[in-house]
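The file input_10.txt contains compact mmCIF, C-alpha atoms and all ligand atoms:
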# COMPACT_ATOMS: atom_id res chain seq x y z
CA MET A 43 0.00 0.00 0.00
CA ILE A 44 1.31 3.43 -0.96
CA LEU A 45 0.01 6.61 0.66
CA ILE A 46 0.03 9.65 -1.62
CA ASP A 47 -0.68 13.17 -0.41
CA ILE A 48 -1.38 15.82 -3.00
CA LEU A 49 -0.89 19.40 -1.86
CA THR A 50 -2.94 21.65 -4.12
CA ILE A 51 -5.12 24.74 -4.11
CA PHE A 52 -7.56 22.88 -6.41
CA PRO A 53 -8.46 19.57 -4.73
CA ASP A 54 -11.65 19.32 -6.85
CA TYR A 55 -9.43 18.93 -9.91
CA PHE A 56 -8.84 15.27 -8.99
CA GLU A 57 -12.44 14.27 -8.33
CA SER A 58 -13.18 12.73 -11.72
CA PRO A 59 -9.82 11.06 -12.54
CA PHE A 60 -9.62 9.30 -9.18
CA GLY A 61 -13.24 8.23 -9.43
CA ILE A 62 -12.83 6.09 -12.56
CA GLY A 63 -10.84 3.24 -14.08
CA LEU A 64 -7.82 1.49 -12.65
CA ILE A 65 -7.00 4.18 -10.09
CA LYS A 66 -10.46 3.96 -8.55
CA LYS A 67 -10.16 0.16 -8.43
CA ALA A 68 -6.73 0.44 -6.80
CA ILE A 69 -8.09 2.87 -4.20
CA ASP A 70 -11.11 0.65 -3.52
CA ALA A 71 -8.85 -2.39 -3.17
CA GLY A 72 -6.63 -0.56 -0.66
CA LEU A 73 -3.55 -0.70 -2.91
CA ILE A 74 -3.26 3.08 -3.09
CA SER A 75 -4.47 5.67 -0.66
CA ILE A 76 -4.74 9.26 -1.89
CA ARG A 77 -5.32 12.28 0.33
CA LEU A 78 -6.07 15.69 -1.13
CA VAL A 79 -4.56 18.40 1.02
CA ASP A 80 -5.93 21.89 0.36
CA ILE A 81 -3.03 24.30 0.77
CA ARG A 82 -5.48 27.14 1.50
CA HIS A 83 -6.44 25.47 4.78
CA PHE A 84 -2.90 26.15 5.96
CA SER A 85 -2.88 29.85 5.19
CA ALA A 86 -2.59 32.12 8.22
CA SER A 87 -4.32 35.00 6.48
CA ARG A 88 -7.98 35.89 6.95
CA HIS A 89 -8.73 35.41 3.26
CA ASN A 90 -6.81 32.14 2.95
CA GLN A 91 -4.23 33.86 0.79
CA VAL A 92 -1.59 31.49 -0.54
CA ASP A 93 0.22 33.75 -3.03
CA ASP A 94 1.91 37.11 -3.07
CA CYS A 95 3.80 39.46 -5.41
CA PRO A 96 7.34 38.45 -6.35
CA PHE A 97 10.15 40.25 -4.53
CA GLY A 98 12.01 42.40 -7.04
CA GLY A 99 8.85 42.90 -9.13
CA GLY A 100 7.82 41.13 -12.29
CA ALA A 101 4.77 39.41 -13.67
CA GLY A 102 2.30 37.27 -11.75
CA MET A 103 2.17 35.91 -8.25
CA VAL A 104 4.30 33.44 -6.33
CA MET A 105 3.03 30.74 -3.94
CA LYS A 106 3.96 31.61 -0.38
CA PRO A 107 6.17 29.21 1.57
CA GLU A 108 4.41 29.12 4.98
CA PRO A 109 1.15 27.34 3.96
CA ILE A 110 3.14 24.66 2.13
CA PHE A 111 5.54 24.10 5.06
CA ARG A 112 2.55 23.88 7.41
CA ALA A 113 0.73 21.45 5.13
CA ILE A 114 3.74 19.14 4.95
CA ARG A 115 4.17 19.31 8.72
CA HIS A 116 0.46 18.49 9.08
CA ILE A 117 0.58 15.32 6.97
CA GLY A 118 3.55 14.31 9.12
CA ARG A 119 4.91 10.83 9.37
CA GLY A 120 1.59 9.00 8.96
CA GLY A 121 2.03 5.23 9.00
CA GLY A 122 5.54 5.62 10.42
CA TYR A 123 7.00 6.66 7.08
CA LYS A 124 8.30 10.06 6.10
CA PRO A 125 6.92 11.03 2.67
CA ARG A 126 9.20 11.61 -0.26
CA VAL A 127 8.35 15.21 -1.12
CA ILE A 128 8.12 15.90 -4.83
CA LEU A 129 7.60 19.35 -6.31
CA LEU A 130 6.09 19.39 -9.79
CA SER A 131 8.09 21.83 -11.85
CA PRO A 132 8.95 22.38 -15.52
CA GLN A 133 12.53 22.86 -14.26
CA GLY A 134 12.63 19.43 -12.61
CA ILE A 135 14.23 16.22 -13.81
CA ARG A 136 12.23 14.68 -16.66
CA PHE A 137 9.84 11.99 -15.39
CA THR A 138 10.38 8.60 -17.06
CA GLN A 139 9.08 5.05 -16.92
CA ASP A 140 12.12 4.05 -14.82
CA ARG A 141 11.26 6.70 -12.25
CA ALA A 142 7.63 5.47 -12.25
CA VAL A 143 8.86 1.98 -11.35
CA GLN A 144 11.06 3.36 -8.54
CA LEU A 145 8.33 5.60 -7.10
CA ALA A 146 5.88 2.69 -7.06
CA GLY A 147 8.17 0.98 -4.55
CA LEU A 148 7.84 3.80 -1.98
CA LYS A 149 5.48 3.77 1.01
CA ARG A 150 4.68 7.47 0.96
CA ILE A 151 4.86 10.35 -1.50
CA ALA A 152 3.74 13.95 -1.15
CA PHE A 153 3.27 15.94 -4.34
CA ILE A 154 3.33 19.73 -4.21
CA CYS A 155 1.39 21.28 -7.09
CA GLY A 156 2.52 24.78 -7.99
CA ARG A 157 0.30 27.44 -9.58
CA TYR A 158 0.75 31.03 -10.76
CA GLU A 159 4.38 31.91 -11.54
CA GLY A 160 5.56 29.05 -9.36
CA VAL A 161 6.53 28.38 -5.76
CA ASP A 162 8.78 30.36 -3.39
CA GLU A 163 12.28 28.89 -3.79
CA ARG A 164 12.57 28.16 -0.06
CA VAL A 165 10.06 25.33 -0.51
CA SER A 166 12.60 23.63 -2.78
CA GLU A 167 15.46 24.41 -0.41
CA GLY A 168 13.78 23.37 2.82
CA LEU A 169 11.17 20.73 2.00
CA VAL A 170 11.55 19.11 -1.36
CA ASP A 171 13.43 15.85 -2.02
CA GLU A 172 13.16 16.11 -5.78
CA GLU A 173 11.60 18.19 -8.53
CA LEU A 174 9.94 16.38 -11.42
CA SER A 175 8.86 17.68 -14.80
CA ILE A 176 6.56 15.79 -17.15
CA GLY A 177 8.01 17.43 -20.25
CA ASP A 178 9.46 20.51 -21.84
CA TYR A 179 6.36 22.66 -21.85
CA VAL A 180 4.71 24.86 -19.23
CA LEU A 181 1.39 23.92 -17.66
CA SER A 182 -0.72 26.31 -15.62
CA GLY A 183 -0.42 24.10 -12.55
CA GLY A 184 1.20 20.97 -11.15
CA GLU A 185 -2.10 19.07 -10.82
CA ALA A 186 -2.04 17.59 -14.34
CA ALA A 187 1.60 16.61 -13.83
CA ALA A 188 0.84 14.90 -10.49
CA LEU A 189 -1.97 13.02 -12.17
CA VAL A 190 0.30 11.82 -14.98
CA ILE A 191 2.89 10.57 -12.49
CA ILE A 192 0.28 8.84 -10.30
CA GLU A 193 -1.27 7.12 -13.36
CA ALA A 194 2.14 5.87 -14.46
CA LEU A 195 3.37 4.71 -11.04
CA SER A 196 0.08 3.04 -10.14
CA ARG A 197 0.43 0.66 -13.12
CA GLN A 198 3.64 -0.57 -11.48
CA ILE A 199 2.01 -1.51 -8.17
CA PRO A 200 1.34 -5.25 -8.11
CA GLY A 201 -2.38 -5.96 -8.39
CA VAL A 202 -3.41 -2.65 -9.96
CA VAL A 203 -3.30 -3.95 -13.52
CA GLY A 204 -4.99 -7.35 -13.59
CA ASN A 205 -2.74 -8.94 -16.20
CA LYS A 206 0.96 -8.59 -15.31
CA GLU A 207 1.90 -9.08 -18.95
CA SER A 208 0.11 -5.90 -20.01
CA VAL A 209 2.55 -3.97 -17.85
CA SER A 210 5.72 -5.87 -18.75
CA GLY A 211 4.81 -5.62 -22.46
CA ASP A 212 4.24 -1.86 -22.31
CA THR A 213 6.22 0.59 -24.38
CA PHE A 214 9.24 1.86 -22.36
CA TYR A 215 9.11 -1.13 -20.03
CA GLY A 216 11.39 -3.15 -22.24
CA LYS A 217 13.94 -2.07 -24.81
CA PHE A 218 11.48 -1.33 -27.60
CA LEU A 219 8.17 0.36 -28.35
CA LYS A 220 5.15 -1.92 -28.33
CA TYR A 221 4.16 -3.58 -31.60
CA PRO A 222 1.00 -2.38 -33.45
CA GLN A 223 -2.20 -3.96 -32.24
CA TYR A 224 -5.43 -4.92 -34.01
CA THR A 225 -8.80 -6.30 -33.02
CA ARG A 226 -12.03 -7.33 -34.79
CA PRO A 227 -13.11 -6.71 -37.54
CA GLN A 228 -10.19 -8.04 -39.56
CA HIS A 229 -11.15 -5.89 -42.58
CA TYR A 230 -12.31 -2.33 -42.15
CA LEU A 231 -12.62 0.53 -44.63
CA GLY A 232 -10.26 -1.22 -47.02
CA MET A 233 -7.63 -1.72 -44.31
CA SER A 234 -6.79 -5.18 -42.99
CA ALA A 235 -5.16 -6.59 -39.91
CA PRO A 236 -2.01 -8.54 -40.89
CA PRO A 237 -3.02 -12.14 -41.76
CA VAL A 238 -0.26 -13.58 -39.51
CA LEU A 239 -2.17 -12.34 -36.45
CA VAL A 240 -5.17 -14.50 -37.29
CA SER A 241 -3.09 -17.50 -38.44
CA GLY A 242 -3.06 -19.14 -35.00
CA ASP A 243 0.70 -19.79 -35.40
CA HIS A 244 2.07 -18.43 -32.11
CA GLY A 245 5.71 -18.70 -33.18
CA LYS A 246 5.09 -16.61 -36.29
CA ILE A 247 3.02 -14.12 -34.30
CA GLU A 248 5.87 -13.69 -31.79
CA ASP A 249 8.37 -13.17 -34.64
CA TRP A 250 6.11 -10.63 -36.33
CA ARG A 251 5.64 -8.71 -33.08
CA MET A 252 9.34 -8.63 -32.32
CA ASN A 253 10.05 -7.43 -35.85
CA GLN A 254 7.46 -4.67 -35.58
CA SER A 255 8.62 -3.58 -32.12
CA VAL A 256 12.23 -3.25 -33.18
CA SER A 257 11.43 -1.63 -36.56
CA ARG A 258 9.08 0.89 -34.97
CA THR A 259 11.66 1.83 -32.39
CA VAL A 260 14.35 2.35 -35.03
CA GLN A 261 11.98 4.46 -37.14
CA ARG A 262 10.24 6.45 -34.40
CA ARG A 263 12.61 6.56 -31.44
CA PRO A 264 16.13 5.64 -32.56
CA ASP A 265 17.38 7.33 -29.36
CA LEU A 266 15.99 4.36 -27.39
CA ILE A 267 18.11 1.78 -29.19
CA ASP A 268 20.98 0.68 -26.96
CA HIS A 269 23.27 -1.13 -29.37
CA GLY A 270 25.20 -2.74 -26.53
CA THR A 271 22.17 -4.71 -25.32
CA LEU A 272 20.82 -5.98 -28.66
CA SER A 273 20.56 -9.72 -29.24
CA GLU A 274 21.77 -11.15 -32.55
CA SER A 275 18.24 -11.30 -34.00
CA GLU A 276 17.41 -7.77 -32.78
CA ARG A 277 20.61 -6.43 -34.32
CA LYS A 278 19.69 -8.02 -37.68
CA ILE A 279 16.30 -6.26 -37.65
CA VAL A 280 17.89 -2.91 -36.73
CA ASP A 281 20.45 -3.27 -39.55
CA LYS A 282 17.75 -4.23 -42.05
CA VAL A 283 15.53 -1.24 -41.15
CA ASN A 284 18.51 1.12 -41.36
CA ARG A 285 19.58 -0.37 -44.72
CA THR A 286 16.05 0.03 -46.13
CA ALA A 287 15.83 3.60 -44.84
CA GLY A 288 19.23 4.38 -46.40
CA GLU A 289 18.15 2.86 -49.72
CA LYS A 290 14.88 4.87 -49.70
CA LYS A 291 16.79 8.07 -49.02
CA ARG A 292 19.23 7.32 -51.86
CA LEU A 293 16.32 6.75 -54.28
CA ARG A 294 14.67 9.99 -53.19
CA VAL A 295 17.86 11.93 -53.86
CA LEU A 296 18.21 10.27 -57.29
CA ASN A 297 14.56 11.10 -58.13
CA ASP A 298 14.97 14.71 -56.99
CA GLU A 299 18.05 15.04 -59.21
CA LYS A 300 16.04 13.78 -62.20
CA LEU A 301 13.19 16.27 -61.70
CA PRO A 302 13.34 19.39 -63.90
CA GLU A 303 14.06 22.59 -62.00
CA GLY A 304 11.03 24.33 -60.43
CA SER A 305 8.84 21.18 -60.47
N1 LIG B 401 7.14 30.41 -14.13
C1 LIG B 401 7.49 29.02 -14.03
C2 LIG B 401 8.70 28.74 -14.89
O1 LIG B 401 8.85 29.38 -15.93
O2 LIG B 401 9.50 27.84 -14.55
C3 LIG B 401 6.32 28.16 -14.48
C4 LIG B 401 5.18 28.17 -13.52
S1 LIG B 401 3.80 27.20 -14.06
C5 LIG B 401 2.82 28.42 -14.89
C6 LIG B 401 2.92 26.86 -12.61
C7 LIG B 401 3.14 25.48 -12.03
O3 LIG B 401 2.76 24.50 -12.95
C8 LIG B 401 4.57 25.14 -11.64
O4 LIG B 401 4.92 25.68 -10.39
C9 LIG B 401 4.52 23.62 -11.62
O5 LIG B 401 4.04 23.13 -10.39
C10 LIG B 401 3.51 23.32 -12.71
N2 LIG B 401 4.13 22.90 -13.99
C11 LIG B 401 4.16 23.62 -15.13
N3 LIG B 401 4.76 22.94 -16.12
C12 LIG B 401 5.12 21.76 -15.61
C13 LIG B 401 5.80 20.62 -16.14
N4 LIG B 401 6.21 20.59 -17.40
N5 LIG B 401 6.01 19.55 -15.33
C14 LIG B 401 5.60 19.58 -14.04
N6 LIG B 401 4.96 20.64 -13.48
C15 LIG B 401 4.72 21.71 -14.25
The structure given in the file should be rewritten as structure tokens.
Ligand code: SAM
Amino acid sequence: MILIDILTIFPDYFESPFGIGLIKKAIDAGLISIRLVDIRHFSASRHNQVDDCPFGGGAGMVMKPEPIFRAIRHIGRGGGYKPRVILLSPQGIRFTQDRAVQLAGLKRIAFICGRYEGVDERVSEGLVDEELSIGDYVLSGGEAAALVIIEALSRQIPGVVGNKESVSGDTFYGKFLKYPQYTRPQHYLGMSAPPVLVSGDHGKIEDWRMNQSVSRTVQRRPDLIDHGTLSESERKIVDKVNRTAGEKKRLRVLNDEKLPEGS
């Protein structure tokens, strides 16, 4: 069981996503416990103010440190474990599948969701164990980022996904992207599922899937290919895809050279 506290000024944001699908099932089954902690409840001001103007001037507002420090103190060491405190931030380390697997092994996590122009730097200095970003773009708040991370880590908690193989076969879990998938009907709008998948020959299906996984990864995410870890058969597929791509490029250049100018 993992206990996750989410510090936010918008607790209602999470109502629908935690009320459906695998996360709801995991909560109901006691595999994950999620507490929404409203940062405004920890404001000392009469109007529950949680932000203020930036020192030195500039645009927007900054989240004040005191309510966040108080909120973290309040959630305390519940269950005997100190939470790992994670600040969602576009400046944090990029969240990955590996990190999802590691976080799923923790007993407690507290996410701090920033808003406005961000969070007073002393929160990072005095409270936060790590800052995580979900990508190189800026969201209006950390809530969506917390949700992404919780979705990803919850899949790694034993029992949350019924079939273990759906997790171990996921893209990013192994070395390659997942192969393309099809379901009924076999023929649709002139497009067909590959006949091998309905052949009933499990050996051929496995080969086809491996081929597709490796080829897709070379074509779409060559940065994921770690040449040092490839098996002999994987290396052959990688070489073949690269050779075909090289040949296609060469033909394109030849065709372009043949075209009359301005065409
Ligand atoms: N002014 C900040 C900057 O340029 O670094 C951005 C603040 S952003 C508008 C408000 C909050 O959204 C941040 O404090 C953070 O909690 C969250 N956030 C925005 N983009 C994010 C990302 N890519 N990953 C994780 N959290 C993000």
Using all atoms listed in the file, which residues sit within 7 Å of stretch 85-95 of chain A once same-chain residues fewer than 3 positions away are excluded, as a PyMOL selection string?
chain A and resi 82+102-106+109
What does the distance from atom CA of A:Ile135 to atom CA of A:Phe84 come to in Å, to one decimal?
28.0 Å
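Of the listed residues (A:Phe97, A:Tyr224, A:Phe137, A:Phe218), A:Phe137 comes nearest to ligand LIG 401 (chain B); the distances count only C-alpha atoms and all ligand atoms.
If you look at atom CA of A:Ala101 and atom CA of A:Glu159, they are 7.8 Å away from each other.
The shortest atom-to-atom distance to A:Gly201, with only C-alpha atoms taken into account, belongs to A:Leu73 out of A:Leu49, A:Leu73, A:Ile154, A:Val127.
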In Å and to one decimal, atom CA of A:Gly183 is distant from atom C11 of ligand LIG 401 (chain B) by 5.3 Å
When the cut-off is 12 Å and you count only C-alpha atoms and all ligand atoms, which residues lie near ligand LIG 401 (chain B), shown as a PyMOL selection string?
chain A and resi 48-51+93+96+100-106+128-138+153-163+165-166+172-191
List as number ranges by chain the protein and nucleic acid residues near A:Leu45, meaning an atom at most 9 Å away when only C-alpha atoms are counted, but skip any in the same chain fewer than 3 places from it.
A: 73-77, 120-121, 125, 148-152
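Each of A:Val295, A:Gly122, A:Ala146, A:Asp265 was checked against A:Val202 using all atoms listed in the file; the smallest atom-to-atom distance is that of A:Ala146.
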Completed stretch 250-261 of chain A (all heavy atoms) as a tab-separated table (two decimals), keeping the file's coordinate frame:
chain	number	residue	atom	x	y	z
A	250	TRP	N	6.65	-11.84	-35.71
A	250	TRP	CA	6.11	-10.63	-36.33
A	250	TRP	C	6.13	-9.47	-35.33
A	250	TRP	O	6.53	-8.36	-35.64
A	250	TRP	CB	4.68	-10.90	-36.81
A	250	TRP	CG	4.05	-9.72	-37.51
A	250	TRP	CD1	4.15	-9.38	-38.82
A	250	TRP	CD2	3.24	-8.70	-36.89
A	250	TRP	NE1	3.46	-8.22	-39.07
A	250	TRP	CE2	2.88	-7.78	-37.91
A	250	TRP	CE3	2.79	-8.47	-35.60
A	250	TRP	CZ2	2.09	-6.65	-37.67
A	250	TRP	CZ3	2.00	-7.35	-35.35
A	250	TRP	CH2	1.66	-6.45	-36.38
A	251	ARG	N	5.70	-9.78	-34.10
A	251	ARG	CA	5.64	-8.71	-33.08
A	251	ARG	C	7.02	-8.16	-32.75
A	251	ARG	O	7.21	-6.95	-32.63
A	251	ARG	CB	4.95	-9.25	-31.81
A	251	ARG	CG	3.46	-9.40	-32.03
A	251	ARG	CD	2.75	-9.93	-30.81
A	251	ARG	NE	1.32	-9.77	-30.95
A	251	ARG	CZ	0.42	-10.36	-30.17
A	251	ARG	NH1	0.82	-11.14	-29.19
A	251	ARG	NH2	-0.86	-10.16	-30.36
A	252	MET	N	7.97	-9.07	-32.63
A	252	MET	CA	9.34	-8.63	-32.32
A	252	MET	C	9.86	-7.74	-33.45
A	252	MET	O	10.43	-6.67	-33.21
A	252	MET	CB	10.23	-9.87	-32.13
A	252	MET	CG	11.72	-9.60	-32.09
A	252	MET	SD	12.17	-8.34	-30.88
A	252	MET	CE	11.86	-9.21	-29.38
A	253	ASN	N	9.63	-8.19	-34.69
A	253	ASN	CA	10.05	-7.43	-35.85
A	253	ASN	C	9.46	-6.02	-35.85
A	253	ASN	O	10.16	-5.04	-36.07
A	253	ASN	CB	9.55	-8.17	-37.10
A	253	ASN	CG	10.65	-8.29	-38.09
A	253	ASN	OD1	11.09	-7.28	-38.60
A	253	ASN	ND2	11.11	-9.52	-38.32
A	254	GLN	N	8.16	-5.95	-35.58
A	254	GLN	CA	7.46	-4.67	-35.58
A	254	GLN	C	7.96	-3.76	-34.46
A	254	GLN	O	8.16	-2.57	-34.65
A	254	GLN	CB	5.95	-4.89	-35.39
A	254	GLN	CG	5.28	-5.54	-36.58
A	254	GLN	CD	5.23	-4.60	-37.78
A	254	GLN	OE1	5.00	-3.41	-37.62
A	254	GLN	NE2	5.48	-5.13	-38.96
A	255	SER	N	8.15	-4.37	-33.27
A	255	SER	CA	8.62	-3.58	-32.12
A	255	SER	C	9.96	-2.93	-32.43
A	255	SER	O	10.15	-1.74	-32.23
A	255	SER	CB	8.81	-4.48	-30.90
A	255	SER	OG	7.65	-4.55	-30.16
A	256	VAL	N	10.88	-3.76	-32.93
A	256	VAL	CA	12.23	-3.25	-33.18
A	256	VAL	C	12.18	-2.23	-34.32
A	256	VAL	O	12.74	-1.12	-34.20
A	256	VAL	CB	13.21	-4.40	-33.51
A	256	VAL	CG1	14.60	-3.86	-33.78
A	256	VAL	CG2	13.25	-5.41	-32.38
A	257	SER	N	11.47	-2.55	-35.42
A	257	SER	CA	11.43	-1.63	-36.56
A	257	SER	C	10.83	-0.28	-36.16
A	257	SER	O	11.35	0.77	-36.48
A	257	SER	CB	10.58	-2.16	-37.72
A	257	SER	OG	10.80	-3.50	-37.90
A	258	ARG	N	9.73	-0.35	-35.42
A	258	ARG	CA	9.08	0.89	-34.97
A	258	ARG	C	10.02	1.75	-34.15
A	258	ARG	O	10.05	2.96	-34.25
A	258	ARG	CB	7.92	0.55	-34.03
A	258	ARG	CG	6.70	0.32	-34.74
A	258	ARG	CD	5.50	0.49	-33.89
A	258	ARG	NE	4.47	0.65	-34.88
A	258	ARG	CZ	3.27	1.11	-34.65
A	258	ARG	NH1	2.93	1.47	-33.45
A	258	ARG	NH2	2.41	1.24	-35.62
A	259	THR	N	10.77	1.08	-33.27
A	259	THR	CA	11.66	1.83	-32.39
A	259	THR	C	12.76	2.49	-33.21
A	259	THR	O	13.07	3.67	-33.00
A	259	THR	CB	12.26	0.90	-31.31
A	259	THR	OG1	11.22	0.11	-30.76
A	259	THR	CG2	12.91	1.70	-30.20
A	260	VAL	N	13.29	1.76	-34.19
A	260	VAL	CA	14.35	2.35	-35.03
A	260	VAL	C	13.77	3.54	-35.80
A	260	VAL	O	14.41	4.60	-35.89
A	260	VAL	CB	14.90	1.32	-36.04
A	260	VAL	CG1	15.95	1.95	-36.94
A	260	VAL	CG2	15.48	0.12	-35.32
A	261	GLN	N	12.54	3.39	-36.30
A	261	GLN	CA	11.98	4.46	-37.14
A	261	GLN	C	11.50	5.66	-36.31
A	261	GLN	O	11.69	6.79	-36.70
A	261	GLN	CB	10.78	3.91	-37.93
A	261	GLN	CG	11.22	3.04	-39.09
A	261	GLN	CD	10.14	2.05	-39.51
A	261	GLN	OE1	9.10	1.91	-38.85
A	261	GLN	NE2	10.38	1.35	-40.60
